[in-house]
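Dumped model.pdb below, it's PDB, C-alpha atoms and all ligand atoms:
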```pdb
MODEL        1
ATOM      1  CA  MET A  23      89.715  -1.253  18.990
ATOM      2  CA  PRO A  24      92.793  -0.870  16.810
ATOM      3  CA  ASP A  25      94.899  -3.095  19.107
ATOM      4  CA  ALA A  26      92.409  -5.960  19.312
ATOM      5  CA  GLU A  27      94.437  -8.324  17.137
ATOM      6  CA  GLY A  28      97.174  -8.600  19.684
ATOM      7  CA  LYS A  29     100.273  -7.137  21.019
ATOM      8  CA  ALA A  30     102.197  -6.803  17.761
ATOM      9  CA  LYS A  31     103.727  -3.421  17.331
ATOM     10  CA  SER A  32     103.590  -1.649  14.042
ATOM     11  CA  ASN A  33     107.266  -2.344  13.374
ATOM     12  CA  GLU A  34     106.720  -6.139  13.804
ATOM     13  CA  LYS A  35     104.257  -6.376  10.911
ATOM     14  CA  ASP A  36     105.289  -7.055   7.332
ATOM     15  CA  TYR A  37     103.455  -4.983   4.755
ATOM     16  CA  GLY A  38     105.959  -5.781   2.033
ATOM     17  CA  ILE A  39     106.626  -2.105   1.557
ATOM     18  CA  GLY A  40     108.516  -1.627  -1.693
ATOM     19  CA  VAL A  41     107.318  -4.897  -3.212
ATOM     20  CA  PRO A  42     104.721  -4.030  -5.828
ATOM     21  CA  MET A  43     101.550  -6.118  -5.736
ATOM     22  CA  GLU A  44     101.428  -8.256  -8.831
ATOM     23  CA  THR A  45      98.490  -7.987 -11.210
ATOM     24  CA  PRO A  46      98.945 -11.027 -13.412
ATOM     25  CA  GLY A  47      96.858 -11.609 -16.488
ATOM     26  CA  PHE A  48      94.851 -14.757 -17.131
ATOM     27  CA  PHE A  49      96.045 -17.640 -19.257
ATOM     28  CA  LEU A  50      92.938 -18.076 -21.437
ATOM     29  CA  ARG A  51      92.213 -15.958 -24.480
ATOM     30  CA  GLY A  52      89.297 -13.598 -24.084
ATOM     31  CA  ALA A  53      88.996 -14.259 -20.356
ATOM     32  CA  GLY A  54      91.145 -11.433 -19.002
ATOM     33  CA  HIS A  55      88.245  -9.292 -17.874
ATOM     34  CA  LEU A  56      86.061 -12.002 -16.371
ATOM     35  CA  ASP A  57      85.232 -12.158 -12.686
ATOM     36  CA  TRP A  58      87.088 -14.374 -10.208
ATOM     37  CA  GLY A  59      84.471 -17.128 -10.118
ATOM     38  CA  MET A  60      84.373 -17.394 -13.900
ATOM     39  CA  LYS A  61      88.146 -17.573 -14.068
ATOM     40  CA  ASN A  62      88.317 -20.123 -11.274
ATOM     41  CA  ARG A  63      85.812 -22.388 -13.019
ATOM     42  CA  LEU A  64      87.609 -22.031 -16.361
ATOM     43  CA  ALA A  65      90.894 -22.851 -14.611
ATOM     44  CA  ARG A  66      89.339 -26.132 -13.463
ATOM     45  CA  ILE A  67      88.348 -27.010 -17.033
ATOM     46  CA  PHE A  68      91.525 -25.783 -18.754
ATOM     47  CA  ASN A  69      94.854 -26.800 -17.248
ATOM     48  CA  PRO A  70      96.588 -23.511 -16.354
ATOM     49  CA  LYS A  71     100.012 -24.996 -17.214
ATOM     50  CA  SER A  72      99.216 -26.136 -20.760
ATOM     51  CA  GLY A  73      96.260 -23.803 -21.264
ATOM     52  CA  ARG A  74      94.383 -26.780 -22.701
ATOM     53  CA  THR A  75      91.763 -29.343 -21.824
ATOM     54  CA  LEU A  76      90.800 -32.895 -22.627
ATOM     55  CA  MET A  77      87.054 -33.113 -22.127
ATOM     56  CA  LEU A  78      85.229 -36.437 -22.214
ATOM     57  CA  ALA A  79      81.890 -36.037 -24.006
ATOM     58  CA  PHE A  80      79.189 -38.579 -23.184
ATOM     59  CA  ASP A  81      76.037 -36.514 -23.607
ATOM     60  CA  HIS A  82      75.050 -38.257 -26.855
ATOM     61  CA  GLY A  83      72.123 -40.096 -25.280
ATOM     62  CA  TYR A  84      70.143 -36.875 -24.919
ATOM     63  CA  ILE A  85      69.406 -37.024 -28.654
ATOM     64  CA  MET A  86      70.528 -40.538 -29.661
ATOM     65  CA  GLY A  87      69.360 -42.788 -26.838
ATOM     66  CA  PRO A  88      71.673 -45.667 -25.829
ATOM     67  CA  THR A  89      74.543 -44.698 -28.109
ATOM     68  CA  THR A  90      77.006 -47.424 -29.090
ATOM     69  CA  GLY A  91      79.820 -47.524 -26.570
ATOM     70  CA  ILE A  92      77.923 -45.824 -23.774
ATOM     71  CA  GLU A  93      74.918 -48.103 -23.481
ATOM     72  CA  ARG A  94      76.106 -48.407 -19.858
ATOM     73  CA  MET A  95      77.639 -45.097 -18.809
ATOM     74  CA  ASP A  96      78.187 -46.447 -15.301
ATOM     75  CA  LEU A  97      80.540 -49.111 -16.705
ATOM     76  CA  ARG A  98      82.288 -47.245 -19.517
ATOM     77  CA  ILE A  99      82.895 -43.746 -18.133
ATOM     78  CA  PRO A 100      84.486 -44.183 -14.666
ATOM     79  CA  PRO A 101      87.651 -45.998 -15.919
ATOM     80  CA  LEU A 102      88.251 -43.106 -18.337
ATOM     81  CA  MET A 103      87.868 -40.354 -15.795
ATOM     82  CA  PRO A 104      91.404 -40.381 -14.338
ATOM     83  CA  HIS A 105      92.780 -39.611 -17.802
ATOM     84  CA  VAL A 106      90.616 -36.637 -18.751
ATOM     85  CA  ASP A 107      90.341 -33.107 -17.378
ATOM     86  CA  CYS A 108      86.631 -32.618 -17.533
ATOM     87  CA  LEU A 109      83.275 -34.368 -18.044
ATOM     88  CA  MET A 110      80.648 -33.182 -20.507
ATOM     89  CA  CYS A 111      77.279 -34.821 -19.964
ATOM     90  CA  THR A 112      73.630 -34.419 -19.076
ATOM     91  CA  ARG A 113      72.299 -34.088 -15.557
ATOM     92  CA  GLY A 114      70.578 -37.472 -15.931
ATOM     93  CA  GLY A 115      73.788 -39.178 -16.968
ATOM     94  CA  LEU A 116      75.682 -37.501 -14.170
ATOM     95  CA  ARG A 117      73.260 -38.198 -11.344
ATOM     96  CA  THR A 118      72.699 -41.827 -12.289
ATOM     97  CA  CYS A 119      76.120 -42.994 -13.402
ATOM     98  CA  ILE A 120      78.872 -40.796 -11.936
ATOM     99  CA  GLN A 121      79.848 -40.906  -8.278
ATOM    100  CA  PRO A 122      79.809 -37.456  -6.656
ATOM    101  CA  ASP A 123      83.210 -37.952  -5.011
ATOM    102  CA  THR A 124      84.934 -37.106  -8.306
ATOM    103  CA  ASP A 125      87.081 -34.002  -8.526
ATOM    104  CA  LYS A 126      86.530 -33.671 -12.279
ATOM    105  CA  PRO A 127      84.764 -30.462 -13.306
ATOM    106  CA  LEU A 128      81.448 -30.785 -15.096
ATOM    107  CA  VAL A 129      80.317 -29.106 -18.307
ATOM    108  CA  LEU A 130      76.578 -29.603 -18.151
ATOM    109  CA  ARG A 131      74.470 -30.124 -21.284
ATOM    110  CA  CYS A 132      71.421 -27.905 -20.721
ATOM    111  CA  SER A 133      69.470 -28.176 -23.998
ATOM    112  CA  THR A 134      66.699 -30.562 -24.922
ATOM    113  CA  GLY A 135      63.632 -30.660 -27.135
ATOM    114  CA  ALA A 136      64.894 -32.659 -30.106
ATOM    115  CA  THR A 137      66.086 -36.154 -30.945
ATOM    116  CA  VAL A 138      67.635 -37.763 -33.989
ATOM    117  CA  LEU A 139      64.089 -38.730 -35.017
ATOM    118  CA  LYS A 140      63.171 -35.095 -35.743
ATOM    119  CA  GLU A 141      64.659 -31.677 -36.541
ATOM    120  CA  LEU A 142      67.726 -31.399 -34.321
ATOM    121  CA  SER A 143      67.865 -27.617 -34.281
ATOM    122  CA  ASN A 144      64.456 -27.323 -32.593
ATOM    123  CA  GLU A 145      65.765 -27.166 -29.030
ATOM    124  CA  VAL A 146      64.991 -25.341 -25.814
ATOM    125  CA  ILE A 147      66.908 -24.887 -22.578
ATOM    126  CA  GLY A 148      65.680 -27.590 -20.215
ATOM    127  CA  VAL A 149      67.941 -27.167 -17.192
ATOM    128  CA  ALA A 150      67.330 -24.413 -14.652
ATOM    129  CA  ILE A 151      70.446 -22.530 -13.605
ATOM    130  CA  GLU A 152      69.631 -23.486 -10.008
ATOM    131  CA  ASP A 153      70.006 -27.149 -10.938
ATOM    132  CA  ALA A 154      73.323 -26.462 -12.646
ATOM    133  CA  ILE A 155      74.480 -24.783  -9.430
ATOM    134  CA  ARG A 156      73.125 -27.715  -7.384
ATOM    135  CA  LEU A 157      75.277 -30.034  -9.499
ATOM    136  CA  ASN A 158      78.313 -27.796  -9.003
ATOM    137  CA  ALA A 159      78.673 -27.315 -12.759
ATOM    138  CA  ALA A 160      81.926 -25.669 -13.831
ATOM    139  CA  ALA A 161      80.256 -24.655 -17.088
ATOM    140  CA  ILE A 162      76.940 -24.985 -18.888
ATOM    141  CA  THR A 163      76.365 -25.655 -22.548
ATOM    142  CA  THR A 164      73.936 -25.641 -25.431
ATOM    143  CA  GLN A 165      74.316 -25.807 -29.172
ATOM    144  CA  VAL A 166      73.638 -23.336 -31.925
ATOM    145  CA  CYS A 167      72.638 -24.400 -35.414
ATOM    146  CA  ILE A 168      73.771 -21.581 -37.657
ATOM    147  CA  GLY A 169      71.919 -21.594 -40.951
ATOM    148  CA  ALA A 170      69.420 -24.224 -39.798
ATOM    149  CA  GLU A 171      65.666 -23.950 -39.617
ATOM    150  CA  TYR A 172      65.723 -22.984 -35.935
ATOM    151  CA  GLU A 173      68.867 -20.835 -35.999
ATOM    152  CA  LYS A 174      67.139 -17.989 -34.150
ATOM    153  CA  GLU A 175      65.816 -20.266 -31.415
ATOM    154  CA  THR A 176      69.208 -21.869 -30.817
ATOM    155  CA  LEU A 177      70.825 -18.431 -30.571
ATOM    156  CA  ASP A 178      68.105 -17.418 -28.143
ATOM    157  CA  ASN A 179      68.845 -20.546 -26.096
ATOM    158  CA  LEU A 180      72.530 -19.644 -26.020
ATOM    159  CA  SER A 181      71.834 -16.054 -25.021
ATOM    160  CA  ARG A 182      69.526 -17.095 -22.199
ATOM    161  CA  LEU A 183      71.990 -19.650 -20.920
ATOM    162  CA  ILE A 184      74.819 -17.094 -20.956
ATOM    163  CA  ASN A 185      72.643 -14.568 -19.125
ATOM    164  CA  ALA A 186      71.804 -17.123 -16.437
ATOM    165  CA  GLY A 187      75.404 -18.282 -16.113
ATOM    166  CA  ASN A 188      76.735 -14.733 -15.939
ATOM    167  CA  THR A 189      74.434 -14.071 -12.982
ATOM    168  CA  TYR A 190      76.238 -16.750 -10.971
ATOM    169  CA  GLY A 191      79.718 -16.714 -12.481
ATOM    170  CA  ILE A 192      79.289 -19.920 -14.473
ATOM    171  CA  PRO A 193      80.887 -19.889 -17.931
ATOM    172  CA  THR A 194      79.024 -21.109 -21.008
ATOM    173  CA  LEU A 195      80.325 -23.408 -23.719
ATOM    174  CA  GLY A 196      78.698 -22.736 -27.092
ATOM    175  CA  VAL A 197      78.595 -25.773 -29.370
ATOM    176  CA  THR A 198      78.403 -25.243 -33.118
ATOM    177  CA  ALA A 199      76.208 -28.074 -34.377
ATOM    178  CA  VAL A 200      76.375 -28.653 -38.112
ATOM    179  CA  GLY A 201      73.283 -29.803 -39.984
ATOM    180  CA  LYS A 202      73.517 -32.281 -42.856
ATOM    181  CA  GLU A 203      72.885 -29.517 -45.376
ATOM    182  CA  MET A 204      75.853 -27.407 -44.176
ATOM    183  CA  VAL A 205      79.442 -27.693 -45.350
ATOM    184  CA  ARG A 206      81.971 -28.181 -42.570
ATOM    185  CA  ASP A 207      84.522 -25.808 -44.023
ATOM    186  CA  ALA A 208      86.510 -22.979 -42.485
ATOM    187  CA  ARG A 209      84.135 -20.362 -43.846
ATOM    188  CA  TYR A 210      81.052 -21.891 -42.198
ATOM    189  CA  LEU A 211      82.742 -22.989 -38.972
ATOM    190  CA  GLY A 212      84.574 -19.675 -38.688
ATOM    191  CA  LEU A 213      81.284 -17.825 -39.000
ATOM    192  CA  ALA A 214      79.559 -20.088 -36.453
ATOM    193  CA  CYS A 215      82.386 -19.867 -33.885
ATOM    194  CA  ARG A 216      82.602 -16.101 -34.193
ATOM    195  CA  VAL A 217      78.850 -15.685 -33.770
ATOM    196  CA  VAL A 218      78.861 -17.883 -30.669
ATOM    197  CA  ALA A 219      81.740 -15.930 -29.137
ATOM    198  CA  GLU A 220      80.131 -12.573 -29.868
ATOM    199  CA  VAL A 221      76.848 -13.702 -28.311
ATOM    200  CA  GLY A 222      78.977 -14.143 -25.191
ATOM    201  CA  ALA A 223      80.042 -17.771 -24.899
ATOM    202  CA  HIS A 224      83.223 -18.188 -22.878
ATOM    203  CA  PHE A 225      84.529 -21.078 -24.983
ATOM    204  CA  VAL A 226      83.409 -22.745 -28.169
ATOM    205  CA  LYS A 227      83.217 -26.313 -29.397
ATOM    206  CA  THR A 228      83.375 -26.919 -33.117
ATOM    207  CA  TYR A 229      84.688 -29.397 -35.653
ATOM    208  CA  TYR A 230      88.149 -29.619 -37.122
ATOM    209  CA  CYS A 231      88.272 -28.805 -40.813
ATOM    210  CA  GLU A 232      90.813 -28.658 -43.637
ATOM    211  CA  PRO A 233      92.110 -26.395 -44.948
ATOM    212  CA  ASP A 234      92.379 -23.283 -42.798
ATOM    213  CA  PHE A 235      91.311 -24.476 -39.362
ATOM    214  CA  ALA A 236      93.849 -21.967 -37.998
ATOM    215  CA  GLU A 237      91.633 -19.202 -39.389
ATOM    216  CA  VAL A 238      88.606 -20.580 -37.546
ATOM    217  CA  VAL A 239      90.570 -20.350 -34.296
ATOM    218  CA  ALA A 240      92.144 -16.977 -35.061
ATOM    219  CA  GLY A 241      88.765 -15.409 -35.811
ATOM    220  CA  CYS A 242      87.265 -16.592 -32.537
ATOM    221  CA  PRO A 243      88.220 -14.444 -29.519
ATOM    222  CA  VAL A 244      87.647 -17.244 -26.962
ATOM    223  CA  PRO A 245      89.193 -20.726 -26.665
ATOM    224  CA  VAL A 246      88.121 -23.292 -29.259
ATOM    225  CA  VAL A 247      87.914 -27.015 -28.520
ATOM    226  CA  ILE A 248      87.103 -29.601 -31.169
ATOM    227  CA  ALA A 249      84.540 -32.387 -31.067
ATOM    228  CA  GLY A 250      85.734 -35.793 -32.135
ATOM    229  CA  GLY A 251      82.853 -36.635 -34.436
ATOM    230  CA  LYS A 252      82.002 -40.074 -35.747
ATOM    231  CA  LYS A 253      84.310 -42.981 -34.958
ATOM    232  CA  ILE A 254      87.332 -43.152 -37.242
ATOM    233  CA  PRO A 255      90.490 -45.290 -36.946
ATOM    234  CA  GLU A 256      92.472 -44.469 -33.817
ATOM    235  CA  ALA A 257      95.510 -43.240 -35.762
ATOM    236  CA  ASP A 258      93.304 -40.856 -37.749
ATOM    237  CA  ALA A 259      91.578 -39.523 -34.632
ATOM    238  CA  LEU A 260      94.957 -38.858 -33.025
ATOM    239  CA  ALA A 261      96.188 -37.119 -36.177
ATOM    240  CA  MET A 262      93.078 -34.926 -36.201
ATOM    241  CA  ALA A 263      93.559 -33.991 -32.548
ATOM    242  CA  TYR A 264      97.185 -33.096 -33.218
ATOM    243  CA  LYS A 265      96.389 -30.944 -36.238
ATOM    244  CA  ALA A 266      93.693 -29.081 -34.315
ATOM    245  CA  ILE A 267      96.007 -28.379 -31.386
ATOM    246  CA  ASP A 268      98.844 -27.468 -33.714
ATOM    247  CA  GLN A 269      96.592 -24.886 -35.401
ATOM    248  CA  GLY A 270      95.570 -23.247 -32.161
ATOM    249  CA  ALA A 271      92.762 -25.293 -30.602
ATOM    250  CA  SER A 272      92.717 -25.152 -26.806
ATOM    251  CA  GLY A 273      91.577 -28.705 -26.421
ATOM    252  CA  VAL A 274      89.529 -31.658 -27.458
ATOM    253  CA  ASP A 275      86.027 -32.601 -26.346
ATOM    254  CA  MET A 276      86.000 -36.169 -27.550
ATOM    255  CA  GLY A 277      83.412 -38.879 -27.129
ATOM    256  CA  ARG A 278      82.996 -41.678 -29.673
ATOM    257  CA  ASN A 279      86.637 -41.751 -30.736
ATOM    258  CA  ILE A 280      87.583 -42.438 -27.129
ATOM    259  CA  PHE A 281      84.821 -44.645 -25.741
ATOM    260  CA  ASN A 282      84.514 -46.658 -28.980
ATOM    261  CA  ALA A 283      88.265 -47.146 -29.442
ATOM    262  CA  GLU A 284      89.521 -50.720 -29.248
ATOM    263  CA  ASP A 285      91.010 -49.755 -25.885
ATOM    264  CA  PRO A 286      89.252 -46.610 -24.580
ATOM    265  CA  VAL A 287      91.529 -46.103 -21.571
ATOM    266  CA  SER A 288      94.680 -46.180 -23.707
ATOM    267  CA  MET A 289      93.056 -43.900 -26.274
ATOM    268  CA  ALA A 290      92.221 -41.329 -23.601
ATOM    269  CA  GLN A 291      95.865 -41.381 -22.498
ATOM    270  CA  ALA A 292      97.141 -40.998 -26.053
ATOM    271  CA  VAL A 293      94.858 -38.037 -26.758
ATOM    272  CA  ARG A 294      95.937 -36.544 -23.464
ATOM    273  CA  ALA A 295      99.600 -36.733 -24.522
ATOM    274  CA  ILE A 296      98.753 -34.729 -27.647
ATOM    275  CA  VAL A 297      96.659 -32.138 -25.835
ATOM    276  CA  HIS A 298      99.001 -31.441 -22.935
ATOM    277  CA  GLU A 299     102.428 -32.506 -24.214
ATOM    278  CA  ASN A 300     102.228 -31.717 -27.935
ATOM    279  CA  GLU A 301     103.043 -35.343 -28.670
ATOM    280  CA  PRO A 302     103.185 -35.829 -32.450
ATOM    281  CA  PRO A 303     100.523 -38.190 -33.822
ATOM    282  CA  ASP A 304     102.846 -41.073 -34.707
ATOM    283  CA  LYS A 305     104.296 -41.085 -31.192
ATOM    284  CA  ALA A 306     100.829 -40.778 -29.683
ATOM    285  CA  TYR A 307      99.725 -43.785 -31.724
ATOM    286  CA  ASP A 308     102.805 -45.727 -30.556
ATOM    287  CA  LEU A 309     101.858 -44.790 -27.009
ATOM    288  CA  TYR A 310      98.299 -45.986 -27.623
ATOM    289  CA  GLN A 311      99.494 -49.362 -28.870
ATOM    290  CA  THR A 312     102.040 -49.763 -26.107
ATOM    291  CA  LEU A 313      99.520 -48.970 -23.406
ATOM    292  CA  MET A 314      96.943 -51.250 -25.003
ATOM    293  CA  ASN A 315      99.421 -54.150 -25.169
ATOM    294  CA  GLU A 316     100.399 -53.598 -21.547
ATOM    295  CA  ARG A 317      96.767 -53.758 -20.488
ATOM    296  CA  GLN A 318      96.073 -57.062 -22.269
TER     297      GLN A 318
HETATM  298  C1  LIG B 401      76.664 -34.574 -29.340
HETATM  299  O1  LIG B 401      75.627 -35.083 -29.008
HETATM  300  C2  LIG B 401      77.506 -33.899 -28.376
HETATM  301  O2  LIG B 401      77.569 -32.524 -28.462
HETATM  302  C3  LIG B 401      78.852 -34.480 -28.216
HETATM  303  O3  LIG B 401      79.288 -34.057 -26.984
HETATM  304  C4  LIG B 401      79.874 -34.072 -29.236
HETATM  305  O4  LIG B 401      79.461 -34.397 -30.527
HETATM  306  C5  LIG B 401      81.264 -34.661 -28.954
HETATM  307  O5  LIG B 401      81.263 -36.025 -29.033
HETATM  308  P1  LIG B 401      81.941 -36.790 -30.252
HETATM  309  O6  LIG B 401      83.417 -36.666 -30.046
HETATM  310  O7  LIG B 401      81.471 -38.196 -30.129
HETATM  311  O8  LIG B 401      81.505 -36.137 -31.520
ENDMDL
END
```
I'd like the structure from this file rewritten - as structure tokens, please.
Ligand code: R5P
Amino acid sequence: MPDAEGKAKSNEKDYGIGVPMETPGFFLRGAGHLDWGMKNRLARIFNPKSGRTLMLAFDHGYIMGPTTGIERMDLRIPPLMPHVDCLMCTRGGLRTCIQPDTDKPLVLRCSTGATVLKELSNEVIGVAIEDAIRLNAAAITTQVCIGAEYEKETLDNLSRLINAGNTYGIPTLGVTAVGKEMVRDARYLGLACRVVAEVGAHFVKTYYCEPDFAEVVAGCPVPVVIAGGKKIPEADALAMAYKAIDQGASGVDMGRNIFNAEDPVSMAQAVRAIVHENEPPDKAYDLYQTLMNERQ
């Protein structure tokens, strides 16, 4: 029944004749040809205005146990959440310590099989894609250990995770773990990031390096975010974040340098100012101190 929708006559409808339908691109590098669900999830992780993200990493316990600063995730993480774009954690950490009424997207750590007591590259995928879906994960993640004893297995883990995620439109973050025997230079990290992207990861987490971090980013056809690494003085962590962003990183996935800062909430806000507002490191450090003093 062509007239079922009502009495409107053809000349009362507005088809926008003459106005071409827009076909905009997508703001993230390498994501232009992804499906709608993938893009929508990535747009929850990366702010479409800045094109960047501040992720809060607190998945350390899956290999390190009760890591300093997050012995009690239920106490330390919630006050930080308003200041970050995204949570990166395990399903155990999430289900036990994070209230489900949050609107923060989740990047779910899906690997297991190793701890700091043994060979860290000997991992498997331990989370079924159905559980990631159940948790409403915006992305899933595992690490690769390029050049390590179990390089092949970690690449297999990544491939399997990407295959599972692609089935349901869930993007995969590939993490480039660096063993003690590897050099964290642009040559190694550039190789690792490129491999991870070519295997099919939708974004990559790696470490900042000097010199030539810009080449690591340029050689990787998907967004690169940096890990914070071990705790360093707040001013140095802010400077590192700035240099990474300035050389093309699309964000920061920081854990210890936020939750082990003298004032974690102020640190999260200072890193945020760098990531989304290009705040130079000295101003970001001033902001950190100002906010910290105000909170005391
Ligand atoms: C390590 O277990 C995880 O991949 C962390 O998420 C990652 O290292 C980022 O945390 P941090 O900034 O503390 O290095």
Assuming the chain letters and numbering stay as they are in my file, what does the PyMOL selection byres (((not hetatm)) within 9 of (chain B and resi 401)) actually select? List them as an mmCIF file with C-alpha atoms, keeping the file's coordinate frame.
```cif
data_model
loop_
_atom_site.group_PDB
_atom_site.id
_atom_site.type_symbol
_atom_site.label_atom_id
_atom_site.label_comp_id
_atom_site.auth_asym_id
_atom_site.auth_seq_id
_atom_site.Cartn_x
_atom_site.Cartn_y
_atom_site.Cartn_z
ATOM 1 C CA LEU A 78 85.229 -36.437 -22.214
ATOM 2 C CA ALA A 79 81.890 -36.037 -24.006
ATOM 3 C CA PHE A 80 79.189 -38.579 -23.184
ATOM 4 C CA ASP A 81 76.037 -36.514 -23.607
ATOM 5 C CA HIS A 82 75.050 -38.257 -26.855
ATOM 6 C CA GLY A 83 72.123 -40.096 -25.280
ATOM 7 C CA TYR A 84 70.143 -36.875 -24.919
ATOM 8 C CA ILE A 85 69.406 -37.024 -28.654
ATOM 9 C CA MET A 86 70.528 -40.538 -29.661
ATOM 10 C CA MET A 110 80.648 -33.182 -20.507
ATOM 11 C CA CYS A 111 77.279 -34.821 -19.964
ATOM 12 C CA ARG A 131 74.470 -30.124 -21.284
ATOM 13 C CA THR A 164 73.936 -25.641 -25.431
ATOM 14 C CA GLN A 165 74.316 -25.807 -29.172
ATOM 15 C CA VAL A 197 78.595 -25.773 -29.370
ATOM 16 C CA THR A 198 78.403 -25.243 -33.118
ATOM 17 C CA ALA A 199 76.208 -28.074 -34.377
ATOM 18 C CA LYS A 227 83.217 -26.313 -29.397
ATOM 19 C CA THR A 228 83.375 -26.919 -33.117
ATOM 20 C CA TYR A 229 84.688 -29.397 -35.653
ATOM 21 C CA ILE A 248 87.103 -29.601 -31.169
ATOM 22 C CA ALA A 249 84.540 -32.387 -31.067
ATOM 23 C CA GLY A 250 85.734 -35.793 -32.135
ATOM 24 C CA GLY A 251 82.853 -36.635 -34.436
ATOM 25 C CA LYS A 252 82.002 -40.074 -35.747
ATOM 26 C CA LYS A 253 84.310 -42.981 -34.958
ATOM 27 C CA VAL A 274 89.529 -31.658 -27.458
ATOM 28 C CA ASP A 275 86.027 -32.601 -26.346
ATOM 29 C CA MET A 276 86.000 -36.169 -27.550
ATOM 30 C CA GLY A 277 83.412 -38.879 -27.129
ATOM 31 C CA ARG A 278 82.996 -41.678 -29.673
ATOM 32 C CA ASN A 279 86.637 -41.751 -30.736
ATOM 33 C CA ILE A 280 87.583 -42.438 -27.129
ATOM 34 C CA PHE A 281 84.821 -44.645 -25.741
#
```
field: Explicit residues for the PyMOL selection byres (((chain A and resi 220) around 12) and not hetatm) (as JSON, numbers by chain)
entry: {"A": [52, 177, 180, 181, 184, 196, 213, 214, 215, 216, 217, 218, 219, 221, 222, 223, 224, 225, 226, 241, 242, 243, 244]}
- request: Could you give me, as a PyMOL selection string, the residues within 12 Å of Arg156 of chain A, counting all atoms listed in the file and dropping anything in the same chain fewer than 6 positions from it?
  value: chain A and resi 113+117+122+128+130+149-150+190
message: Every residue with an atom at most 10 Å from (72.6, -35.2, -41.1) (file coordinates; all atoms listed in the file) is what I'm after, so could you write them as a list in words?
response: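 Every polymer residue passing the test: Val138, Glu141, Leu142, Val200, Gly201, Lys202, Glu203 and Met204 of chain A.
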task: Could you give me, as a ChimeraX atom specification, the residues within 7 Å of Glu145 of chain A, counting all atoms listed in the file and dropping anything in the same chain fewer than 3 positions from it?
output: /A:133-136,176
Please put the answer as AutoDock Vina command-line options: centre and edge lengths, in Å with one decimal, of a box along x, y and z that encloses all listed atoms of segment 261-267 of chain A plus 3 Å on each side.
```
--center_x 95.1 --center_y -32.7 --center_z -33.8 --size_x 10.1 --size_y 14.7 --size_z 10.9
```
message: For a quick check of understanding, using only C-alpha atoms, which of A:Gly54, A:Gly40, A:Pro127, A:Gly273 has the smallest distance to Met103 of chain A?
response: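 For Met103 of chain A, the nearest of the candidates is A:Pro127.
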message: Can you translate the PyMOL selection byres (((chain A and resi 298-307) around 7) and not hetatm) into the concrete residues it hits in this file, as a list in words?
response: Ser72, Arg74, Ala257, Leu260, Ala261, Tyr264, Ala292, Arg294, Ala295, Ile296, Val297, Asp308, Leu309, Tyr310 and Gln311 of chain A
message: Neighbouring residues of Glu284 of chain A were defined as those with any atom within 10 Å, considering only C-alpha atoms; residues of the same chain fewer than 6 positions away were excluded. Please report them as an NGL selection string.
response: :A and (255-256 or 314)
Exercise: segment 59-71 of chain A partners within 8 Å, all atoms listed in the file, chain neighbours under 3 positions left out, as an mmCIF file with C-alpha atoms, keeping the file's coordinate frame:
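So result-v1.cif came out as:
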```
data_model
loop_
_atom_site.group_PDB
_atom_site.id
_atom_site.type_symbol
_atom_site.label_atom_id
_atom_site.label_comp_id
_atom_site.auth_asym_id
_atom_site.auth_seq_id
_atom_site.Cartn_x
_atom_site.Cartn_y
_atom_site.Cartn_z
ATOM 1 C CA PHE A 48 94.851 -14.757 -17.131
ATOM 2 C CA PHE A 49 96.045 -17.640 -19.257
ATOM 3 C CA ALA A 53 88.996 -14.259 -20.356
ATOM 4 C CA LEU A 56 86.061 -12.002 -16.371
ATOM 5 C CA ARG A 74 94.383 -26.780 -22.701
ATOM 6 C CA THR A 75 91.763 -29.343 -21.824
ATOM 7 C CA ASP A 107 90.341 -33.107 -17.378
ATOM 8 C CA CYS A 108 86.631 -32.618 -17.533
ATOM 9 C CA PRO A 127 84.764 -30.462 -13.306
ATOM 10 C CA ALA A 160 81.926 -25.669 -13.831
ATOM 11 C CA ALA A 161 80.256 -24.655 -17.088
ATOM 12 C CA GLY A 191 79.718 -16.714 -12.481
ATOM 13 C CA ILE A 192 79.289 -19.920 -14.473
ATOM 14 C CA PRO A 193 80.887 -19.889 -17.931
#
```
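Taking atom CA of Leu139 of chain A as the reference point, atom CA of Leu116 of chain A is found at 23.9 Å.
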Output segment 132-138 of chain A with N, CA and C atoms present, as a compact mmCIF listing (two decimals), in the coordinates of the input.
```
# COMPACT_ATOMS: atom_id res chain seq x y z
N CYS A 132 72.66 -28.51 -21.25
CA CYS A 132 71.42 -27.90 -20.72
C CYS A 132 70.30 -27.83 -21.75
N SER A 133 70.53 -28.28 -22.99
CA SER A 133 69.47 -28.18 -24.00
C SER A 133 68.74 -29.50 -24.16
N THR A 134 67.53 -29.40 -24.66
CA THR A 134 66.70 -30.56 -24.92
C THR A 134 65.64 -30.14 -25.95
N GLY A 135 64.73 -31.04 -26.25
CA GLY A 135 63.63 -30.66 -27.14
C GLY A 135 63.67 -31.32 -28.49
N ALA A 136 64.79 -32.01 -28.80
CA ALA A 136 64.89 -32.66 -30.11
C ALA A 136 65.60 -34.00 -29.95
N THR A 137 65.35 -34.88 -30.89
CA THR A 137 66.09 -36.15 -30.94
C THR A 137 66.48 -36.39 -32.39
N VAL A 138 67.24 -37.45 -32.62
CA VAL A 138 67.64 -37.76 -33.99
C VAL A 138 66.43 -38.14 -34.85
```
